[in-house]
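Coordinates from query.txt are shown below (compact mmCIF, C-alpha atoms).
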# COMPACT_ATOMS: atom_id res chain seq x y z
CA MET A 76 55.74 103.18 24.71
CA PRO A 77 54.95 106.19 26.97
CA GLU A 78 57.39 106.97 29.77
CA PRO A 79 56.34 105.40 33.07
CA SER A 80 55.37 107.79 35.86
CA GLU A 81 54.52 107.19 39.47
CA LEU A 82 50.74 106.90 39.24
CA SER A 83 48.20 108.25 41.71
CA GLU A 84 44.46 107.79 41.99
CA ALA A 85 43.87 111.43 41.06
CA ALA A 86 46.16 111.24 38.02
CA ILE A 87 44.46 108.07 36.81
CA ASP A 88 40.95 109.51 37.20
CA LYS A 89 41.99 112.71 35.40
CA ALA A 90 43.55 110.78 32.49
CA LEU A 91 40.53 108.52 32.10
CA LYS A 92 38.06 111.42 32.12
CA ALA A 93 40.17 113.47 29.71
CA THR A 94 40.32 110.66 27.14
CA ALA A 95 37.30 109.78 25.00
CA PRO A 96 35.88 106.27 25.73
CA ASP A 97 36.61 105.08 22.19
CA VAL A 98 40.31 106.00 22.47
CA GLU A 99 42.81 103.49 23.84
CA ILE A 100 44.81 104.57 26.86
CA ARG A 101 47.84 102.97 28.61
CA LEU A 102 49.23 104.22 31.93
CA TYR A 103 52.53 102.66 33.09
CA ASP A 104 53.50 102.78 36.77
CA ALA A 105 57.11 103.72 37.54
CA LYS A 106 56.87 102.51 41.13
CA VAL A 107 56.18 98.90 40.09
CA PRO A 108 57.95 98.30 36.76
CA GLY A 109 55.76 96.32 34.37
CA LEU A 110 52.46 97.37 35.97
CA LEU A 111 50.05 98.82 33.38
CA LEU A 112 46.53 100.23 33.50
CA TRP A 113 45.13 99.54 30.04
CA ARG A 114 41.80 100.67 28.67
CA ARG A 115 40.92 99.37 25.23
CA PRO A 116 38.50 101.35 23.03
CA ASN A 117 35.02 101.31 24.62
CA GLY A 118 36.25 98.89 27.26
CA LYS A 119 36.99 98.95 30.97
CA ALA A 120 40.32 100.08 32.43
CA ARG A 121 42.12 96.93 33.64
CA TRP A 122 45.41 96.17 35.40
CA TYR A 123 48.08 94.02 33.74
CA LEU A 124 51.63 93.00 34.61
CA PHE A 125 54.23 92.65 31.86
CA LYS A 126 57.30 90.56 32.73
CA ARG A 127 60.07 89.15 30.54
CA VAL A 128 60.62 85.43 31.17
CA ALA A 129 63.25 83.39 29.27
CA GLY A 130 63.54 86.15 26.69
CA LYS A 131 59.76 86.33 26.09
CA MET A 132 57.41 89.01 27.31
CA LYS A 133 54.49 87.61 29.30
CA ARG A 134 51.30 89.45 30.13
CA ALA A 135 49.19 88.53 33.15
CA PRO A 136 45.99 90.14 34.49
CA VAL A 137 46.49 91.45 38.02
CA GLY A 138 44.08 89.81 40.47
CA GLU A 139 41.06 87.60 39.81
CA ILE A 140 39.00 90.69 38.90
CA ASN A 141 41.47 93.11 37.33
CA SER A 142 39.23 96.08 36.50
CA TYR A 143 40.23 99.47 37.93
CA ASP A 144 36.71 99.88 39.37
CA ASP A 145 37.29 96.86 41.63
CA VAL A 146 41.06 97.02 42.19
CA PRO A 147 42.44 100.38 43.35
CA LEU A 148 46.03 101.44 42.71
CA ALA A 149 47.46 100.35 46.08
CA MET A 150 45.94 96.89 45.80
CA ALA A 151 47.10 96.55 42.18
CA ARG A 152 50.69 97.30 43.21
CA LYS A 153 50.55 94.74 46.00
CA LEU A 154 49.08 92.02 43.74
CA ALA A 155 51.60 92.83 40.99
CA GLU A 156 54.50 92.38 43.42
CA GLN A 157 53.08 89.02 44.46
CA ASP A 158 52.80 87.93 40.81
CA LYS A 159 56.38 89.04 40.13
CA GLY A 160 57.54 86.84 42.98
CA LYS A 161 55.63 83.86 41.59
CA ILE A 162 57.10 84.40 38.12
CA ALA A 163 60.59 84.57 39.64
CA GLY A 164 59.85 81.24 41.33
CA GLY A 165 58.84 79.62 38.05
CA ILE A 166 55.06 79.85 38.59
CA ASP A 167 52.90 81.17 35.76
CA PRO A 168 50.17 83.34 37.36
CA VAL A 169 47.93 82.98 34.29
CA GLN A 170 48.02 79.18 34.42
CA GLU A 171 47.54 79.27 38.18
CA LYS A 172 44.42 81.45 37.92
CA ARG A 173 43.07 79.32 35.08
CA ALA A 174 43.51 76.19 37.18
CA LYS A 175 41.68 77.86 40.09
CA ARG A 176 38.78 78.84 37.82
CA GLU A 177 38.58 75.32 36.42
CA ALA A 178 38.62 73.85 39.92
CA ALA A 179 35.86 76.25 41.00
CA LYS A 180 33.72 75.26 38.00
CA GLY A 181 34.44 71.57 38.40
CA GLY A 182 37.63 70.76 36.52
CA LYS A 183 39.00 71.04 33.01
CA TYR A 184 35.68 69.90 31.54
CA PRO A 185 33.15 71.23 34.08
CA MET A 186 29.75 69.54 34.20
CA GLN A 187 28.12 72.84 35.21
CA ASP A 188 29.43 74.56 32.09
CA LEU A 189 28.17 71.71 29.91
CA LEU A 190 24.75 71.69 31.58
CA ASP A 191 24.31 75.44 31.12
CA HIS A 192 25.27 75.05 27.45
CA VAL A 193 22.89 72.14 26.83
CA VAL A 194 19.93 73.75 28.61
CA GLY A 195 20.50 76.99 26.72
CA ARG A 196 20.49 75.18 23.37
CA MET A 197 17.34 73.25 24.27
CA GLU A 198 15.55 76.48 25.15
CA THR A 199 16.76 78.14 21.93
CA LYS A 200 15.52 75.22 19.85
CA GLY A 201 12.12 75.33 21.52
CA ARG A 202 12.27 71.92 23.15
CA ALA A 203 9.40 71.09 25.49
CA PRO A 204 9.87 73.02 28.76
CA ARG A 205 9.12 69.90 30.80
CA HIS A 206 11.79 67.92 28.94
CA THR A 207 14.33 70.73 29.33
CA ALA A 208 13.53 71.10 33.04
CA GLU A 209 13.99 67.37 33.63
CA ARG A 210 17.40 67.33 31.94
CA LYS A 211 18.50 70.32 34.05
CA ARG A 212 17.19 68.66 37.21
CA ILE A 213 19.12 65.46 36.48
CA GLY A 214 22.26 67.42 35.64
CA ASP A 215 22.03 69.40 38.88
CA ALA A 216 21.54 66.16 40.83
CA LEU A 217 24.62 64.60 39.21
CA ILE A 218 26.72 67.64 40.15
CA ALA A 219 25.47 67.34 43.73
CA ALA A 220 26.37 63.63 43.62
CA GLY A 221 29.97 64.48 42.73
CA VAL A 222 29.97 64.49 38.91
CA ARG A 223 31.78 67.80 38.48
CA ASP A 224 34.67 67.15 36.08
CA LEU A 225 33.81 65.18 32.93
CA SER A 226 37.42 64.00 32.65
CA ASP A 227 37.02 62.22 36.00
CA PRO A 228 37.35 58.47 35.25
CA LEU A 229 34.71 57.82 37.94
CA ALA A 230 32.12 60.16 36.39
CA ARG A 231 30.20 57.26 34.83
CA ASN A 232 30.23 55.25 38.06
CA LYS A 233 28.94 58.22 40.06
CA ALA A 234 26.15 58.87 37.55
CA GLU A 235 25.22 55.19 37.46
CA LYS A 236 25.13 54.98 41.24
CA TRP A 237 22.91 58.04 41.55
CA ILE A 238 20.37 56.85 38.96
CA ASN A 239 20.15 53.33 40.38
CA SER A 240 19.66 54.75 43.88
CA GLN A 241 16.47 56.56 42.87
CA GLU A 242 13.18 55.13 44.08
CA CYS A 243 11.49 54.81 40.70
CA GLY A 244 10.70 52.14 38.12
CA ASP A 245 13.07 50.77 35.50
CA LEU A 246 11.44 52.77 32.70
CA THR A 247 12.04 56.01 34.61
CA LYS A 248 15.65 55.01 35.28
CA HIS A 249 16.13 54.31 31.59
CA ARG A 250 14.74 57.75 30.82
CA TYR A 251 17.20 59.28 33.26
CA GLY A 252 19.96 57.28 31.59
CA MET A 253 18.96 58.68 28.20
CA HIS A 254 19.29 62.23 29.58
CA VAL A 255 22.76 61.45 30.97
CA ARG A 256 23.90 59.82 27.72
CA ALA A 257 22.70 62.90 25.83
CA LEU A 258 24.88 65.04 28.10
CA GLY A 259 27.82 62.76 27.30
CA ARG A 260 27.31 63.17 23.55
CA ALA A 261 27.02 66.93 23.97
CA ALA A 262 30.29 66.97 25.96
CA LEU A 263 32.18 65.40 23.04
CA LYS A 264 30.94 68.18 20.75
CA ARG A 265 31.57 71.00 23.19
CA TYR A 266 35.03 69.90 24.31
CA GLU A 267 36.87 68.81 21.19
CA ASP A 268 39.88 67.58 23.17
CA LEU A 269 37.75 65.38 25.46
CA HIS A 270 39.03 61.98 24.39
CA ARG A 271 36.06 59.80 25.42
CA ASP A 272 32.37 59.94 26.25
CA PRO A 273 32.26 60.37 30.05
CA PHE A 274 29.10 58.27 30.31
CA ARG A 275 29.97 55.53 27.84
CA SER A 276 28.59 52.09 28.78
CA LEU A 277 26.25 53.60 31.36
CA GLU A 278 24.08 50.83 32.82
CA VAL A 279 20.92 51.76 34.68
CA GLY A 280 17.82 49.86 35.67
CA SER A 281 17.47 46.33 34.32
CA ALA A 282 19.75 44.95 31.61
CA THR A 283 17.06 45.54 28.98
CA ILE A 284 14.23 48.02 28.72
CA PRO A 285 11.16 46.46 30.34
CA ALA A 286 8.30 45.68 28.00
CA PRO A 287 5.78 48.53 28.02
CA ALA A 288 2.28 48.11 29.43
CA MET A 289 0.06 46.77 26.68
CA PHE A 290 -3.57 46.09 25.81
CA THR A 291 -4.90 42.74 24.66
CA LEU A 292 -6.38 42.40 21.18
CA ASP A 293 -9.95 42.21 22.45
CA GLU A 294 -9.36 45.40 24.48
CA LEU A 295 -8.07 47.20 21.40
CA ILE A 296 -11.17 46.10 19.51
CA ARG A 297 -13.30 47.57 22.28
CA LEU A 298 -11.36 50.86 22.15
CA THR A 299 -12.08 51.28 18.41
CA SER A 300 -15.75 50.27 18.57
CA ASP A 301 -18.70 52.56 17.88
CA GLU A 302 -19.56 52.37 21.59
CA ALA A 303 -16.11 53.70 22.55
CA MET A 304 -16.43 56.60 20.09
CA THR A 305 -19.78 57.92 21.27
CA GLY A 306 -18.01 60.92 22.86
CA TRP A 307 -15.15 63.14 21.73
CA TRP A 308 -12.76 61.77 24.32
CA GLY A 309 -13.35 58.24 23.05
CA ARG A 310 -12.75 59.47 19.49
CA LEU A 311 -9.49 61.10 20.56
CA PHE A 312 -8.23 57.89 22.18
CA SER A 313 -9.16 55.86 19.08
CA PHE A 314 -7.34 58.42 16.91
CA LEU A 315 -4.21 58.06 19.05
CA LEU A 316 -4.38 54.27 18.78
CA TYR A 317 -4.82 54.25 15.01
CA THR A 318 -2.11 56.85 14.31
CA GLY A 319 0.44 56.17 17.05
CA CYS A 320 0.58 59.93 17.72
CA ARG A 321 1.58 61.31 21.07
CA MET A 322 -1.16 62.88 23.14
CA ARG A 323 -0.49 66.53 22.30
CA GLU A 324 -0.02 65.72 18.62
CA GLY A 325 -3.49 64.18 18.55
CA MET A 326 -5.20 66.85 20.65
CA TRP A 327 -4.18 69.58 18.22
CA ALA A 328 -4.86 67.59 15.03
CA ARG A 329 -6.27 69.78 12.24
CA TRP A 330 -8.42 68.93 9.24
CA SER A 331 -6.19 71.11 7.04
CA ARG A 332 -3.29 68.74 7.73
CA ILE A 333 -5.25 65.58 6.90
CA ASP A 334 -5.54 64.27 3.34
CA LEU A 335 -8.07 61.45 3.35
CA ASP A 336 -7.50 60.66 -0.33
CA SER A 337 -3.79 59.99 0.22
CA ALA A 338 -4.38 58.72 3.79
CA THR A 339 -1.82 61.02 5.42
CA PHE A 340 -1.72 63.35 8.41
CA GLY A 341 0.94 66.03 8.72
CA VAL A 342 2.42 66.56 12.19
CA LEU A 343 4.07 69.98 12.06
CA PRO A 344 6.24 71.77 14.65
CA PRO A 345 4.17 74.39 16.49
CA SER A 346 4.84 78.10 16.30
CA ALA A 347 5.82 80.03 19.42
CA GLU A 348 2.18 81.01 20.03
CA GLN A 349 0.95 77.44 19.50
CA ARG A 350 3.63 76.12 21.85
CA GLU A 351 2.57 78.66 24.45
CA ALA A 352 -1.00 77.34 24.17
CA GLY A 353 0.22 73.79 24.90
CA GLU A 354 0.79 72.23 21.47
CA ALA A 355 3.98 70.17 21.27
CA VAL A 356 5.88 67.96 18.85
CA LYS A 357 8.80 66.00 20.27
CA ARG A 358 12.11 67.63 19.39
CA ASN A 359 10.16 69.92 17.05
CA LYS A 360 10.55 67.32 14.29
CA GLY A 361 7.64 67.19 11.89
CA ARG A 362 6.63 64.04 10.07
CA THR A 363 3.91 62.52 7.90
CA VAL A 364 1.71 59.91 9.59
CA THR A 365 0.19 57.12 7.50
CA LEU A 366 -3.53 56.76 8.22
CA GLN A 367 -4.97 53.27 8.50
CA PRO A 368 -7.88 52.55 6.06
CA GLU A 369 -10.29 51.99 8.95
CA LEU A 370 -9.41 55.39 10.39
CA VAL A 371 -9.90 57.05 7.00
CA GLU A 372 -13.45 55.67 6.85
CA ILE A 373 -14.09 56.78 10.42
CA LEU A 374 -12.83 60.31 9.74
CA ARG A 375 -15.12 60.65 6.72
CA THR A 376 -18.08 60.35 9.11
CA TRP A 377 -16.86 62.82 11.74
CA PRO A 378 -18.45 66.31 11.72
CA HIS A 379 -16.38 69.47 11.28
CA ASP A 380 -17.90 71.23 14.28
CA HIS A 381 -14.72 72.69 15.81
CA GLY A 382 -13.28 74.89 13.09
CA ASP A 383 -10.06 73.43 11.73
CA PHE A 384 -9.57 71.19 14.78
CA LEU A 385 -10.73 67.58 14.86
CA PHE A 386 -11.52 67.75 18.55
CA PRO A 387 -13.25 70.38 20.72
CA ASP A 388 -11.43 72.76 23.05
CA ALA A 389 -12.36 70.54 26.01
CA CYS A 390 -10.03 67.85 24.64
CA ARG A 391 -7.08 70.26 24.44
CA THR A 392 -6.39 70.30 28.14
CA ILE A 393 -3.21 69.37 29.96
CA GLY A 394 -3.10 67.78 33.38
CA GLY A 395 -5.44 65.59 35.37
CA ASP A 396 -8.46 65.98 33.07
CA THR A 397 -7.01 63.82 30.31
CA THR A 398 -6.00 61.09 32.75
CA HIS A 399 -9.46 61.17 34.36
CA GLU A 400 -11.21 60.89 30.98
CA PHE A 401 -8.90 58.07 29.88
CA ARG A 402 -9.64 56.05 33.01
CA ALA A 403 -13.36 56.73 32.61
CA ALA A 404 -13.21 55.53 29.00
CA LEU A 405 -11.54 52.25 30.04
CA LEU A 406 -14.14 51.78 32.77
CA ARG A 407 -17.01 52.27 30.31
CA MET A 408 -15.51 49.63 28.02
CA THR A 409 -14.91 47.21 30.95
CA ILE A 410 -11.13 47.38 30.42
CA PRO A 411 -9.01 47.15 33.60
CA LEU A 412 -6.66 50.08 34.15
CA LYS A 413 -3.65 48.15 35.53
CA LYS A 414 -0.53 50.17 34.59
CA ARG A 415 -1.98 51.54 31.37
CA HIS A 416 -1.92 55.24 30.54
CA ILE A 417 -2.62 57.33 27.46
CA HIS A 418 0.86 56.72 25.99
CA THR A 419 0.06 52.98 26.09
CA LEU A 420 -2.07 53.63 23.00
CA ARG A 421 1.12 54.57 21.11
CA HIS A 422 2.84 51.43 22.37
CA ALA A 423 -0.11 49.37 21.17
CA HIS A 424 -0.01 51.01 17.73
CA CYS A 425 3.69 50.18 17.29
CA ALA A 426 3.27 46.58 18.47
CA LEU A 427 0.25 46.07 16.19
CA ALA A 428 2.16 47.52 13.24
CA VAL A 429 5.12 45.17 13.78
CA ALA A 430 2.84 42.18 14.31
CA CYS A 431 0.81 42.72 11.14
CA GLY A 432 3.82 43.33 8.92
CA VAL A 433 4.19 47.10 8.49
CA LYS A 434 7.64 47.67 6.99
CA ASP A 435 10.27 48.91 9.44
CA MET A 436 11.12 52.16 7.64
CA GLU A 437 7.46 52.96 7.00
CA LEU A 438 6.67 52.55 10.70
CA ARG A 439 9.68 54.60 11.80
CA LEU A 440 8.74 57.48 9.52
CA SER A 441 5.10 57.37 10.58
CA VAL A 442 5.61 57.35 14.37
CA GLY A 443 8.87 59.34 14.38
CA HIS A 444 11.31 56.81 15.81
CA GLY A 445 14.91 57.99 15.55
CA GLY A 446 16.34 54.57 14.68
CA PRO A 447 15.61 50.85 14.36
CA ALA A 448 16.39 50.10 18.02
CA MET A 449 13.18 51.68 19.33
CA THR A 450 11.02 49.97 16.72
CA ALA A 451 12.70 46.64 17.52
CA HIS A 452 11.80 47.21 21.17
CA TYR A 453 8.20 46.36 20.29
CA ALA A 454 9.11 43.05 18.67
CA ASN A 455 8.63 41.02 21.88
CA ALA A 456 5.15 42.43 22.43
CA ALA A 457 4.38 41.89 18.74
CA MET A 458 5.38 38.22 18.98
CA LEU A 459 2.26 37.56 21.05
CA TRP A 460 0.10 38.72 18.16
CA ARG A 461 2.15 37.97 15.06
CA GLY A 462 0.67 34.55 14.41
CA LYS A 463 -2.87 35.82 14.84
CA LEU A 464 -2.38 38.87 12.63
CA LYS A 465 -0.27 37.35 9.84
CA ASP A 466 -3.09 37.86 7.32
CA TRP A 467 -3.51 41.57 8.04
CA LYS A 468 -0.61 42.50 5.71
CA GLY A 469 0.13 45.83 7.34
CA VAL A 470 -3.49 46.97 7.65
CA PHE A 471 -5.27 47.24 10.99
CA ARG A 472 -8.60 45.37 11.01
CA LEU A 473 -9.89 46.17 14.46
CA ARG A 474 -13.44 46.87 13.22
CA ASP A 475 -13.70 43.99 10.74
CA ARG A 476 -16.65 41.81 11.83
CA ALA A 477 -15.01 38.56 10.78
CA GLU A 478 -11.78 39.48 12.61
CA ILE A 479 -13.72 40.48 15.72
CA GLU A 480 -15.44 37.11 15.83
CA ARG A 481 -12.11 35.34 15.33
CA LEU A 482 -9.99 37.37 17.76
CA ALA A 483 -12.56 38.47 20.35
CA PRO A 484 -15.63 36.19 20.34
CA GLU A 485 -16.83 37.66 23.65
CA VAL A 486 -16.86 41.16 22.17
CA ALA A 487 -18.69 39.87 19.09
CA ALA A 488 -21.32 38.16 21.29
CA GLU A 489 -21.87 41.35 23.28
CA ARG A 490 -22.44 43.33 20.08
CA LYS A 491 -24.93 40.81 18.76
CA GLN A 492 -26.86 41.00 22.01
CA ARG A 493 -27.00 44.80 21.76
CA GLU A 494 -28.14 44.60 18.15
CA VAL A 495 -30.93 42.19 19.06
CA ALA A 496 -31.96 44.31 22.05
CA GLY A 497 -31.90 47.44 19.90
Rewrite the structure from the file as structure tokens, please.
Amino acid sequence: MPEPSELSEAAIDKALKATAPDVEIRLYDAKVPGLLLWRRPNGKARWYLFKRVAGKMKRAPVGEINSYDDVPLAMARKLAEQDKGKIAGGIDPVQEKRAKREAAKGGKYPMQDLLDHVVGRMETKGRAPRHTAERKRIGDALIAAGVRDLSDPLARNKAEKWINSQECGDLTKHRYGMHVRALGRAALKRYEDLHRDPFRSLEVGSATIPAPAMFTLDELIRLTSDEAMTGWWGRLFSFLLYTGCRMREGMWARWSRIDLDSATFGVLPPSAEQREAGEAVKRNKGRTVTLQPELVEILRTWPHDHGDFLFPDACRTIGGDTTHEFRAALLRMTIPLKKRHIHTLRHAHCALAVACGVKDMELRLSVGHGGPAMTAHYANAAMLWRGKLKDWKGVFRLRDRAEIERLAPEVAAERKQREVAG
């Protein structure tokens, strides 16, 4: 170890400039024994205090920011003397500073640290920006509501109270709850010594997920009729109903990913350029969609007028246009809007599939459900139709004349009148 000398600002600057950046340098101060200015190879010069405690040498950084650029010599000596006094009194300066940093961040398991980690991973994995932004917004709101330390036994109660205080519907509260539960699962992976999920048994909204808005069978028959598919928007909505695809998955459907002979449609994760254009697949998880026989026959009649895309550029729009066209399509088919929206077509597909006997695993793989719980969610809605559709044996028959007359006699009568008039 070099002999300590009483340091000065000039001597320090001279020594640092005279030594190449990739060479380690240590300058010991004789005025404050144990005080060291240490510059590692290609690093910054930083202040440290070495002190022997109970026969062991301890090293502690001097000050919260211990770089020489921020802490001049006089200040370093003063801080080092303070730390020596703490050590003599049985206080570990390192542990004290660590506790202060943890308190500033939010505790031993800071929610802010977890949120930054989760959002960063979601962005790296290419998750939908809107989904990522919502999770960050909810995390920020929880921090503002007092959820700062994930080891806090009241973290779950605070999160629950915040979600239930929001002026929104039960479905939205359940979605918020799913975001919070995802943060809890991520916390267990990030902090290996966190002994329990901070948001375990989170209860938000009603006791069970409310049944989604649904169409009646006669309304579904109208939505898949020739009249409904006179325009490209109507064809898109019928495609979403028959496949159970999400809106953006259907908008960007390509002929090259459809095999009519094997009745399959490949939903593939978009590239960075495709994602920038608006294409999206939830969680970037591709899957193979099973095409219903009626849809296969319909697709065989559709023209290939838009390159590789099934639908024209006008259908690949995000925002109010799609909602406007969906409402207009319902109006044309004399279907009341109520609380229905485009995603209701996916709900209807799942309920129809359960009601007519599509096998659970086949349905999950086709629509991309992560587990049986979500598929089972549609069982109650399917119960209304199961008796009527027991003979369908897993095949949609929304355009079958005999089924239309049996399930929707009013629709059948309207069609006969049009045929006679035509």
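CA of Leu277 (chain A) sits 25.0 Å away from CA of Ala203 (chain A).
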Surrounding residues of Ala355 (chain A) excluding itself and chain neighbours under 4 positions, 7 Å, all atoms listed in the file, as an MDAnalysis selection string:
chainID A and resid 203 323:324 345 350
I want to know what sits within 8 Å of Gly252 (chain A), based on only C-alpha atoms, with residues of the same chain fewer than 4 positions away left out; could you give that as a ChimeraX atom specification?
/A:238,248,256,277-279
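A search radius of 8 Å centred on (-8.2, 57.0, 13.6), applied to all atoms listed in the file, returns the residues Arg310, Ser313, Phe314, Leu315, Leu316, Tyr317, Thr318, Leu366, Gln367, Glu369, Leu370, Val371, Ile373 and Leu374 of chain A.
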Might you pull out every residue within 12 Å of Glu480 (chain A), with only C-alpha atoms counted and same-chain residues fewer than 5 positions away left off, and present them as number ranges by chain?
A: 292-293, 296, 472-475, 485-491
May I ask for the distance between CA of Pro368 (chain A) and CA of Lys468 (chain A), given in Å to one decimal place?
12.4 Å
